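Peer 1: This is the content of input-v2.csv (CSV, C-alpha atoms):
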```
chain,number,residue,atom,x,y,z
A,1,MET,CA,-56.9,0.3,-100.3
A,2,GLY,CA,-58.4,-2.9,-99.0
A,3,ARG,CA,-58.0,-1.8,-95.4
A,4,TYR,CA,-59.6,1.5,-96.2
A,5,VAL,CA,-62.6,-0.1,-97.8
A,6,ILE,CA,-63.1,-2.4,-94.9
A,7,ARG,CA,-62.8,0.5,-92.4
A,8,ARG,CA,-65.3,2.5,-94.4
A,9,LEU,CA,-67.7,-0.4,-94.5
A,10,LEU,CA,-67.4,-0.8,-90.7
A,11,GLN,CA,-68.1,2.9,-90.3
A,12,MET,CA,-71.3,2.5,-92.3
A,13,ILE,CA,-72.8,0.1,-89.8
A,14,PRO,CA,-73.5,2.6,-87.0
A,15,VAL,CA,-74.5,5.2,-89.5
A,16,PHE,CA,-77.0,2.8,-91.0
A,17,ILE,CA,-78.4,1.7,-87.6
A,18,GLY,CA,-78.7,5.3,-86.4
A,19,SER,CA,-80.3,6.5,-89.5
A,20,THR,CA,-82.9,3.7,-89.7
A,21,PHE,CA,-83.7,4.0,-86.0
A,22,LEU,CA,-84.4,7.8,-86.3
A,23,ILE,CA,-86.5,7.2,-89.4
A,24,PHE,CA,-88.4,4.4,-87.7
A,25,VAL,CA,-89.1,6.5,-84.6
A,26,MET,CA,-90.2,9.6,-86.6
A,27,VAL,CA,-92.4,7.7,-89.0
A,28,TYR,CA,-94.2,5.7,-86.2
A,29,ALA,CA,-94.5,8.8,-84.1
A,30,LEU,CA,-96.7,10.5,-86.8
A,31,GLY,CA,-99.8,8.7,-85.5
A,32,ASP,CA,-101.5,5.4,-85.0
A,33,PRO,CA,-101.2,3.4,-88.3
A,34,VAL,CA,-104.1,1.3,-87.4
A,35,ALA,CA,-106.4,4.3,-86.9
A,36,ALA,CA,-105.2,5.7,-90.3
A,37,LEU,CA,-106.0,2.3,-91.9
A,38,PHE,CA,-109.7,2.7,-91.0
A,39,GLY,CA,-109.8,6.4,-92.0
A,40,ASP,CA,-112.7,8.3,-90.4
A,41,LYS,CA,-114.4,5.2,-89.1
A,42,ALA,CA,-113.7,4.1,-85.6
A,43,PRO,CA,-112.2,0.6,-85.6
A,44,ASP,CA,-113.7,-2.2,-83.5
A,45,PRO,CA,-111.4,-2.5,-80.4
A,46,ALA,CA,-111.0,-6.3,-80.9
A,47,THR,CA,-110.2,-5.9,-84.6
A,48,ALA,CA,-107.7,-3.1,-83.9
A,49,ALA,CA,-106.0,-5.1,-81.2
A,50,ARG,CA,-105.7,-8.1,-83.5
A,51,ILE,CA,-104.2,-5.9,-86.3
A,52,ARG,CA,-101.7,-4.3,-83.9
A,53,LYS,CA,-100.6,-7.8,-82.7
A,54,ASP,CA,-100.2,-9.0,-86.3
A,55,LEU,CA,-98.1,-5.9,-87.2
A,56,TYR,CA,-96.1,-6.1,-84.0
A,57,LEU,CA,-97.5,-2.7,-83.0
A,58,ASP,CA,-98.4,-3.9,-79.5
A,59,GLN,CA,-94.8,-4.0,-78.4
A,60,PRO,CA,-92.6,-1.1,-77.2
A,61,LEU,CA,-91.0,0.9,-80.0
A,62,TRP,CA,-87.4,-0.5,-79.4
A,63,LYS,CA,-88.8,-4.0,-79.7
A,64,GLN,CA,-90.6,-3.1,-82.9
A,65,TYR,CA,-87.3,-1.7,-84.3
A,66,LEU,CA,-85.4,-4.8,-83.4
A,67,HIS,CA,-88.1,-7.0,-85.0
A,68,TYR,CA,-88.0,-4.8,-88.1
A,69,MET,CA,-84.2,-5.0,-88.4
A,70,GLY,CA,-84.4,-8.8,-88.0
A,71,GLN,CA,-86.9,-8.9,-90.9
A,72,ILE,CA,-84.6,-6.7,-93.1
A,73,PHE,CA,-81.7,-9.0,-92.7
A,74,GLN,CA,-83.9,-11.8,-93.9
A,75,GLY,CA,-85.0,-9.8,-97.0
A,76,ASP,CA,-88.4,-9.0,-95.6
A,77,PHE,CA,-89.4,-5.4,-95.4
A,78,GLY,CA,-92.9,-6.0,-94.1
A,79,THR,CA,-96.3,-5.8,-95.6
A,80,ALA,CA,-98.2,-2.6,-96.7
A,81,PHE,CA,-101.6,-2.0,-95.2
A,82,ASN,CA,-103.2,-2.9,-98.5
A,83,GLY,CA,-101.8,-6.4,-98.1
A,84,GLN,CA,-99.1,-6.1,-100.7
A,85,SER,CA,-95.5,-6.9,-99.8
A,86,VAL,CA,-93.3,-3.9,-99.5
A,87,THR,CA,-90.6,-5.9,-101.4
A,88,GLU,CA,-93.0,-6.1,-104.4
A,89,LEU,CA,-93.6,-2.4,-104.3
A,90,MET,CA,-89.9,-1.8,-104.3
A,91,ALA,CA,-89.4,-4.2,-107.3
A,92,SER,CA,-91.8,-2.2,-109.3
A,93,ALA,CA,-90.8,1.3,-108.1
A,94,PHE,CA,-87.0,1.3,-107.8
A,95,PRO,CA,-86.2,0.3,-111.4
A,96,VAL,CA,-88.4,3.2,-112.7
A,97,THR,CA,-86.8,5.8,-110.3
A,98,LEU,CA,-83.3,4.3,-111.1
A,99,ARG,CA,-83.8,5.0,-114.8
A,100,LEU,CA,-85.1,8.5,-114.1
A,101,THR,CA,-82.1,9.1,-111.8
A,102,LEU,CA,-79.6,7.9,-114.4
A,103,VAL,CA,-81.1,10.2,-117.0
A,104,ALA,CA,-80.9,13.1,-114.5
A,105,ILE,CA,-77.3,12.3,-113.6
A,106,PHE,CA,-76.3,12.1,-117.3
A,107,PHE,CA,-77.6,15.6,-117.9
A,108,GLU,CA,-76.2,16.9,-114.6
A,109,VAL,CA,-72.7,15.6,-115.4
A,110,VAL,CA,-72.4,16.3,-119.1
A,111,ILE,CA,-74.1,19.7,-119.3
A,112,GLY,CA,-73.1,20.9,-115.8
A,113,ILE,CA,-69.4,20.1,-116.1
A,114,THR,CA,-69.3,21.4,-119.7
A,115,LEU,CA,-70.8,24.7,-118.8
A,116,GLY,CA,-68.7,24.9,-115.7
A,117,VAL,CA,-65.4,24.4,-117.7
A,118,LEU,CA,-66.4,26.9,-120.4
A,119,SER,CA,-67.4,29.5,-117.7
A,120,GLY,CA,-64.3,28.8,-115.6
A,121,LEU,CA,-61.9,29.2,-118.5
A,122,ARG,CA,-63.5,32.5,-119.5
A,123,ARG,CA,-63.9,34.0,-116.0
A,124,GLY,CA,-65.3,37.5,-116.1
A,125,LYS,CA,-66.3,37.4,-119.8
A,126,THR,CA,-69.8,37.3,-121.3
A,127,VAL,CA,-70.0,33.5,-121.3
A,128,ASP,CA,-69.2,33.4,-117.6
A,129,THR,CA,-71.7,36.1,-116.7
A,130,SER,CA,-74.5,34.5,-118.7
A,131,VAL,CA,-73.9,31.1,-117.1
A,132,LEU,CA,-73.9,32.5,-113.6
A,133,VAL,CA,-77.1,34.4,-114.3
A,134,ALA,CA,-78.8,31.4,-115.9
A,135,THR,CA,-77.8,29.0,-113.0
A,136,LEU,CA,-79.0,31.5,-110.4
A,137,VAL,CA,-82.4,31.7,-112.1
A,138,VAL,CA,-82.7,27.9,-112.3
A,139,ILE,CA,-81.8,27.6,-108.6
A,140,SER,CA,-84.3,30.3,-107.6
A,141,VAL,CA,-87.3,28.7,-109.5
A,142,PRO,CA,-89.0,25.9,-107.6
A,143,THR,CA,-89.0,22.5,-109.3
A,144,PHE,CA,-92.8,22.2,-109.5
A,145,VAL,CA,-92.9,25.5,-111.4
A,146,THR,CA,-90.3,24.4,-113.9
A,147,GLY,CA,-91.9,20.9,-114.2
A,148,TYR,CA,-95.4,22.2,-115.0
A,149,LEU,CA,-94.0,24.8,-117.3
A,150,LEU,CA,-91.9,22.4,-119.4
A,151,GLN,CA,-94.7,19.8,-119.3
A,152,TYR,CA,-97.1,22.4,-120.7
A,153,LEU,CA,-94.7,23.7,-123.4
A,154,PHE,CA,-93.2,20.5,-124.6
A,155,GLY,CA,-96.0,18.1,-123.9
A,156,VAL,CA,-99.2,20.1,-124.4
A,157,GLN,CA,-98.5,23.2,-126.4
A,158,TRP,CA,-95.9,21.8,-128.9
A,159,GLY,CA,-96.6,18.1,-128.6
A,160,TRP,CA,-92.9,17.1,-128.8
A,161,VAL,CA,-93.2,14.6,-125.9
A,162,ARG,CA,-95.9,12.8,-123.9
A,163,PRO,CA,-97.2,15.1,-121.1
A,164,THR,CA,-97.3,12.1,-118.7
A,165,VAL,CA,-95.2,8.9,-118.6
A,166,SER,CA,-96.8,5.6,-119.4
A,167,PRO,CA,-96.7,2.8,-116.7
A,168,GLU,CA,-93.8,1.0,-118.4
A,169,ALA,CA,-91.7,4.3,-118.1
A,170,PRO,CA,-89.5,3.7,-121.2
A,171,LEU,CA,-86.3,5.7,-121.4
A,172,ASP,CA,-87.4,8.1,-124.1
A,173,GLU,CA,-90.3,9.2,-122.0
A,174,LEU,CA,-88.1,9.9,-119.0
A,175,ILE,CA,-85.9,12.5,-120.8
A,176,LEU,CA,-88.1,15.5,-120.0
A,177,PRO,CA,-88.7,14.4,-116.4
A,178,GLY,CA,-85.0,13.7,-116.0
A,179,ILE,CA,-84.2,17.2,-117.2
A,180,VAL,CA,-86.7,18.7,-114.7
A,181,LEU,CA,-85.3,16.5,-111.9
A,182,ALA,CA,-81.7,17.4,-112.8
A,183,LEU,CA,-82.0,21.2,-113.3
A,184,VAL,CA,-81.3,22.4,-109.8
A,185,SER,CA,-78.4,19.9,-109.3
A,186,LEU,CA,-77.1,20.8,-112.8
A,187,ALA,CA,-76.9,24.4,-111.8
A,188,TYR,CA,-75.0,23.6,-108.7
A,189,VAL,CA,-72.6,21.3,-110.6
A,190,THR,CA,-72.0,24.1,-113.1
A,191,ARG,CA,-71.2,26.6,-110.4
A,192,LEU,CA,-69.0,24.2,-108.5
A,193,SER,CA,-67.1,23.3,-111.7
A,194,ARG,CA,-66.7,26.9,-112.7
A,195,THR,CA,-65.3,27.9,-109.3
A,196,SER,CA,-62.9,25.0,-109.1
A,197,ILE,CA,-61.6,25.5,-112.7
A,198,ALA,CA,-61.2,29.2,-112.2
A,199,GLU,CA,-59.1,28.6,-109.0
A,200,ASN,CA,-56.9,25.8,-110.5
A,201,VAL,CA,-56.3,27.4,-113.8
A,202,LYS,CA,-53.7,29.6,-112.1
A,203,ALA,CA,-52.0,26.8,-110.3
A,204,ASP,CA,-48.3,26.0,-110.8
A,205,TYR,CA,-48.8,22.6,-112.3
A,206,VAL,CA,-51.0,24.2,-115.1
A,207,ARG,CA,-48.4,26.8,-115.8
A,208,THR,CA,-45.7,24.1,-115.9
A,209,ALA,CA,-47.7,21.9,-118.3
A,210,THR,CA,-48.3,24.9,-120.6
A,211,ALA,CA,-44.7,25.9,-120.5
A,212,LYS,CA,-43.7,22.4,-121.6
A,213,GLY,CA,-45.7,23.0,-124.8
A,214,LEU,CA,-48.5,20.6,-124.1
A,215,PRO,CA,-51.6,21.2,-126.2
A,216,ARG,CA,-54.3,23.3,-124.4
A,217,ARG,CA,-56.9,20.5,-124.7
A,218,ARG,CA,-54.5,18.0,-123.0
A,219,VAL,CA,-53.7,20.6,-120.2
A,220,VAL,CA,-57.4,21.1,-119.5
A,221,THR,CA,-58.5,17.4,-119.7
A,222,ARG,CA,-55.5,15.6,-118.2
A,223,HIS,CA,-54.4,18.1,-115.6
A,224,LEU,CA,-56.8,20.9,-114.9
A,225,LEU,CA,-60.1,19.0,-115.1
A,226,ARG,CA,-59.0,15.9,-113.1
A,227,ASN,CA,-57.8,18.0,-110.2
A,228,SER,CA,-60.9,20.3,-110.3
A,229,LEU,CA,-63.5,17.5,-110.3
A,230,ILE,CA,-63.1,16.4,-106.7
A,231,PRO,CA,-65.7,18.8,-105.2
A,232,VAL,CA,-68.0,18.1,-108.2
A,233,VAL,CA,-67.7,14.3,-107.7
A,234,THR,CA,-68.4,14.8,-104.0
A,235,PHE,CA,-71.6,16.7,-104.7
A,236,ILE,CA,-72.8,14.2,-107.4
A,237,GLY,CA,-72.2,11.3,-105.0
A,238,THR,CA,-74.3,12.8,-102.3
A,239,ASP,CA,-76.9,13.9,-104.9
A,240,ILE,CA,-77.6,10.4,-106.1
A,241,GLY,CA,-79.6,9.5,-103.0
A,242,ALA,CA,-81.1,13.0,-102.9
A,243,LEU,CA,-82.4,12.6,-106.5
A,244,MET,CA,-83.9,9.2,-105.9
A,245,GLY,CA,-85.6,10.4,-102.6
A,246,GLY,CA,-86.4,13.9,-103.9
A,247,ALA,CA,-88.2,12.8,-107.0
A,248,ILE,CA,-91.6,13.1,-105.3
A,249,VAL,CA,-92.5,16.4,-107.1
A,250,THR,CA,-91.2,15.3,-110.5
A,251,GLU,CA,-92.9,11.9,-110.3
A,252,ARG,CA,-96.2,13.5,-109.3
A,253,ILE,CA,-96.1,16.0,-112.2
A,254,PHE,CA,-95.4,13.4,-114.8
A,255,ASN,CA,-97.4,10.6,-113.2
A,256,ILE,CA,-94.4,8.3,-112.7
A,257,HIS,CA,-95.0,5.4,-110.4
A,258,GLY,CA,-91.6,5.3,-108.8
A,259,VAL,CA,-90.1,5.7,-105.4
A,260,GLY,CA,-91.3,9.3,-105.0
A,261,TYR,CA,-94.9,8.2,-105.9
A,262,GLN,CA,-94.8,5.3,-103.4
A,263,LEU,CA,-93.4,7.5,-100.6
A,264,TYR,CA,-96.0,10.2,-101.3
A,265,GLN,CA,-98.8,7.6,-101.1
A,266,GLY,CA,-97.3,6.0,-98.0
A,267,ILE,CA,-97.1,9.4,-96.2
A,268,LEU,CA,-100.5,10.4,-97.3
A,269,ARG,CA,-102.1,7.2,-96.0
A,270,ASN,CA,-99.7,6.9,-93.0
A,271,ASN,CA,-98.6,3.6,-94.4
A,272,SER,CA,-95.6,3.2,-92.1
A,273,PRO,CA,-94.1,-0.1,-93.4
A,274,THR,CA,-93.9,1.4,-96.9
A,275,VAL,CA,-92.3,4.6,-95.9
A,276,VAL,CA,-89.7,3.0,-93.6
A,277,GLY,CA,-88.9,0.3,-96.1
A,278,PHE,CA,-88.3,2.7,-99.0
A,279,VAL,CA,-86.3,5.2,-96.9
A,280,THR,CA,-84.1,2.3,-95.6
A,281,ILE,CA,-83.1,1.4,-99.1
A,282,LEU,CA,-82.4,5.1,-99.9
A,283,VAL,CA,-80.1,5.2,-96.8
A,284,ILE,CA,-78.2,2.2,-98.2
A,285,VAL,CA,-77.9,3.8,-101.7
A,286,PHE,CA,-76.7,7.1,-100.1
A,287,LEU,CA,-74.0,5.2,-98.1
A,288,LEU,CA,-72.8,3.2,-101.1
A,289,ALA,CA,-72.7,6.3,-103.3
A,290,ASN,CA,-70.5,8.1,-100.7
A,291,LEU,CA,-68.1,5.1,-100.5
A,292,LEU,CA,-67.8,5.1,-104.3
A,293,VAL,CA,-67.0,8.8,-104.3
A,294,ASP,CA,-64.3,8.3,-101.8
A,295,LEU,CA,-62.7,5.6,-103.9
A,296,LEU,CA,-62.9,7.8,-107.0
A,297,TYR,CA,-60.8,10.5,-105.3
A,298,ALA,CA,-57.6,8.4,-105.9
A,299,VAL,CA,-58.5,8.0,-109.5
A,300,LEU,CA,-59.0,11.7,-110.1
A,301,ASP,CA,-56.1,12.9,-108.0
A,302,PRO,CA,-53.0,10.6,-107.8
A,303,ARG,CA,-51.8,12.6,-104.8
A,304,ILE,CA,-54.5,11.0,-102.7
A,305,ARG,CA,-53.5,7.7,-101.2
A,306,TYR,CA,-55.3,5.5,-98.8
A,307,ALA,CA,-53.3,4.0,-96.0
```
Could you quickly redo this structure as structure tokens?

Peer 2:
Amino acid sequence: MGRYVIRRLLQMIPVFIGSTFLIFVMVYALGDPVAALFGDKAPDPATAARIRKDLYLDQPLWKQYLHYMGQIFQGDFGTAFNGQSVTELMASAFPVTLRLTLVAIFFEVVIGITLGVLSGLRRGKTVDTSVLVATLVVISVPTFVTGYLLQYLFGVQWGWVRPTVSPEAPLDELILPGIVLALVSLAYVTRLSRTSIAENVKADYVRTATAKGLPRRRVVTRHLLRNSLIPVVTFIGTDIGALMGGAIVTERIFNIHGVGYQLYQGILRNNSPTVVGFVTILVIVFLLANLLVDLLYAVLDPRIRYA
């Protein structure tokens, strides 16, 4: 196991370098950050040259990237164009989005797997058909439509929750945004769980456990569910980074000042240090989540061993 973890960590190094380099190149290729800083006004050439020198923008792109990576390893993600440190923006934004993501993951796992198991065990029946139709509808409806609809119904029309989230973003106010963020992923988890359960319910080990007289609940939880969760865990692991980075729409709808909000503002204002810094952290989160998923395989399925 130790050798496997070390090997995976070493494999993450070129992935991290390649991902951050592509992000760096694409973001800085969008336009001149100094020109975007002045807006419609033409900057004074001397002032623009000084700002480019201060931001290391007067160097070739590969030198800028090496300079940026050197800063990252020192814990410095640069300075936004408004003068605020990108690290300070991360310190205020990531905890909010992390809480929102945890709420979304909770609903995604609990409701998605439960519906998937019920549907898979009753394949072809009314419950199965209803779940498949409902998940298809959820997947088909865009998140901004679902978000505005639930915000209007629960927040404005019925007054059950706050329509927008306060700056502190307490956990109780993140329940509705978390559901909105999780809906599409929840539908995919449900369908994955349903398909995996329906395939494994006819496996030999399930029939053997049933023939031994084991209670149905134990057969489902100890044998069927553990072996059926591998594709679901794989999806959830990759979805963690996607939820944190894809919360732009949800955070805009509910006025949540998290990662999505900062990314939106950074892209809108061509604030390259902010965008690159935040996406770099999201790449790290994505890589660590995938490593955790790989390690969970052996827990879920004892037949998996890491040499």

Peer 1: Counting only C-alpha atoms, figure out which residue out of A:Leu22, A:Ile248, A:Val131, A:Val86 gets nearest to Gly116 (chain A).

Peer 2: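 Closest residue, counting only C-alpha atoms: A:Val131.
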
Peer 1: Might you pull out every residue within 10 Å of Ala209 (chain A), with all atoms listed in the file counted and same-chain residues fewer than 2 positions away left off, and present them as a PyMOL selection string?

Peer 2: chain A and resi 204-207+211-216+218-220+223-224

Peer 1: Within 12 Å of (-68.9, 27.1, -108.7) in the file's own coordinates, which protein, DNA or RNA residues have an atom, counting only C-alpha atoms? List them as a PyMOL selection string.

Peer 2: chain A and resi 112-113+115-120+123+128+131-132+135-136+185-199+228-229+231-232+235

Peer 1: Between CA of Ile139 (chain A) and CA of Val184 (chain A), measure the distance and give it in Å to one decimal.

Peer 2: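 These atoms are spaced 5.4 Å apart.
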
Peer 1: Which of these, A:Leu243, A:Ala169, A:Leu57, A:Val285, has the shortest distance to Leu183 (chain A) once you count only C-alpha atoms?

Peer 2: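 Under the stated criterion, the closest residue is A:Leu243.
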
Peer 1: Which residues, written as a PyMOL selection string, have at least one atom at most 10 Å from Val259 (chain A), with only C-alpha atoms counted and residues fewer than 5 positions away on the same chain left out?

Peer 2: chain A and resi 89-90+92-98+244-248+251+264-265+275+278-279+282

Peer 1: Using all atoms listed in the file, find the one residue out of A:Met12, A:Ala203, A:Leu292, A:Ile256 that sits nearest to Gly237 (chain A).

Peer 2: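 Looking only at the distances to Gly237 (chain A), the closest residue turns out to be A:Leu292.
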
Peer 1: Pick out the closest residue to Pro60 (chain A) from this set: A:Tyr28, A:Tyr261, A:Phe106, A:Phe77. Count all atoms listed in the file.

Peer 2: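 Nearest candidate to Pro60 (chain A) out of A:Tyr28, A:Tyr261, A:Phe106, A:Phe77: A:Tyr28.
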
Peer 1: Interatomic distance between CA of His257 (chain A) and CA of Ala289 (chain A)?

Peer 2: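 Between CA of His257 (chain A) and CA of Ala289 (chain A) the gap works out to 23.4 Å.
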
Peer 1: Please compute the CA of Gly258 (chain A)-CA of Phe154 (chain A) distance, one decimal, in Å.

Peer 2: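 Distance reported for this atom pair: 22.0 Å.
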
Peer 1: Under the rule that all atoms listed in the file are counted, which of A:Pro163, A:Phe21, A:Asp239, A:Gln262 is the nearest residue to Gln151 (chain A)?

Peer 2: A:Pro163

Peer 1: Write out as a compact mmCIF listing (two decimals) with C-alpha atoms, keeping the file's coordinate frame the residues lying within 8 Å of Tyr68 (chain A), counting all atoms listed in the file and excluding same-chain residues fewer than 4 positions away.

Peer 2:
```
# COMPACT_ATOMS: atom_id res chain seq x y z
CA GLN A 64 -90.60 -3.10 -82.90
CA ILE A 72 -84.60 -6.70 -93.10
CA PHE A 77 -89.40 -5.40 -95.40
CA GLY A 78 -92.90 -6.00 -94.10
```

Peer 1: Out of A:Phe73, A:Phe254, A:Phe107, A:Tyr65, which residue has the shortest atom-to-atom distance to Gly155 (chain A) when counting only C-alpha atoms?

Peer 2: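 For Gly155 (chain A), the nearest of the candidates is A:Phe254.
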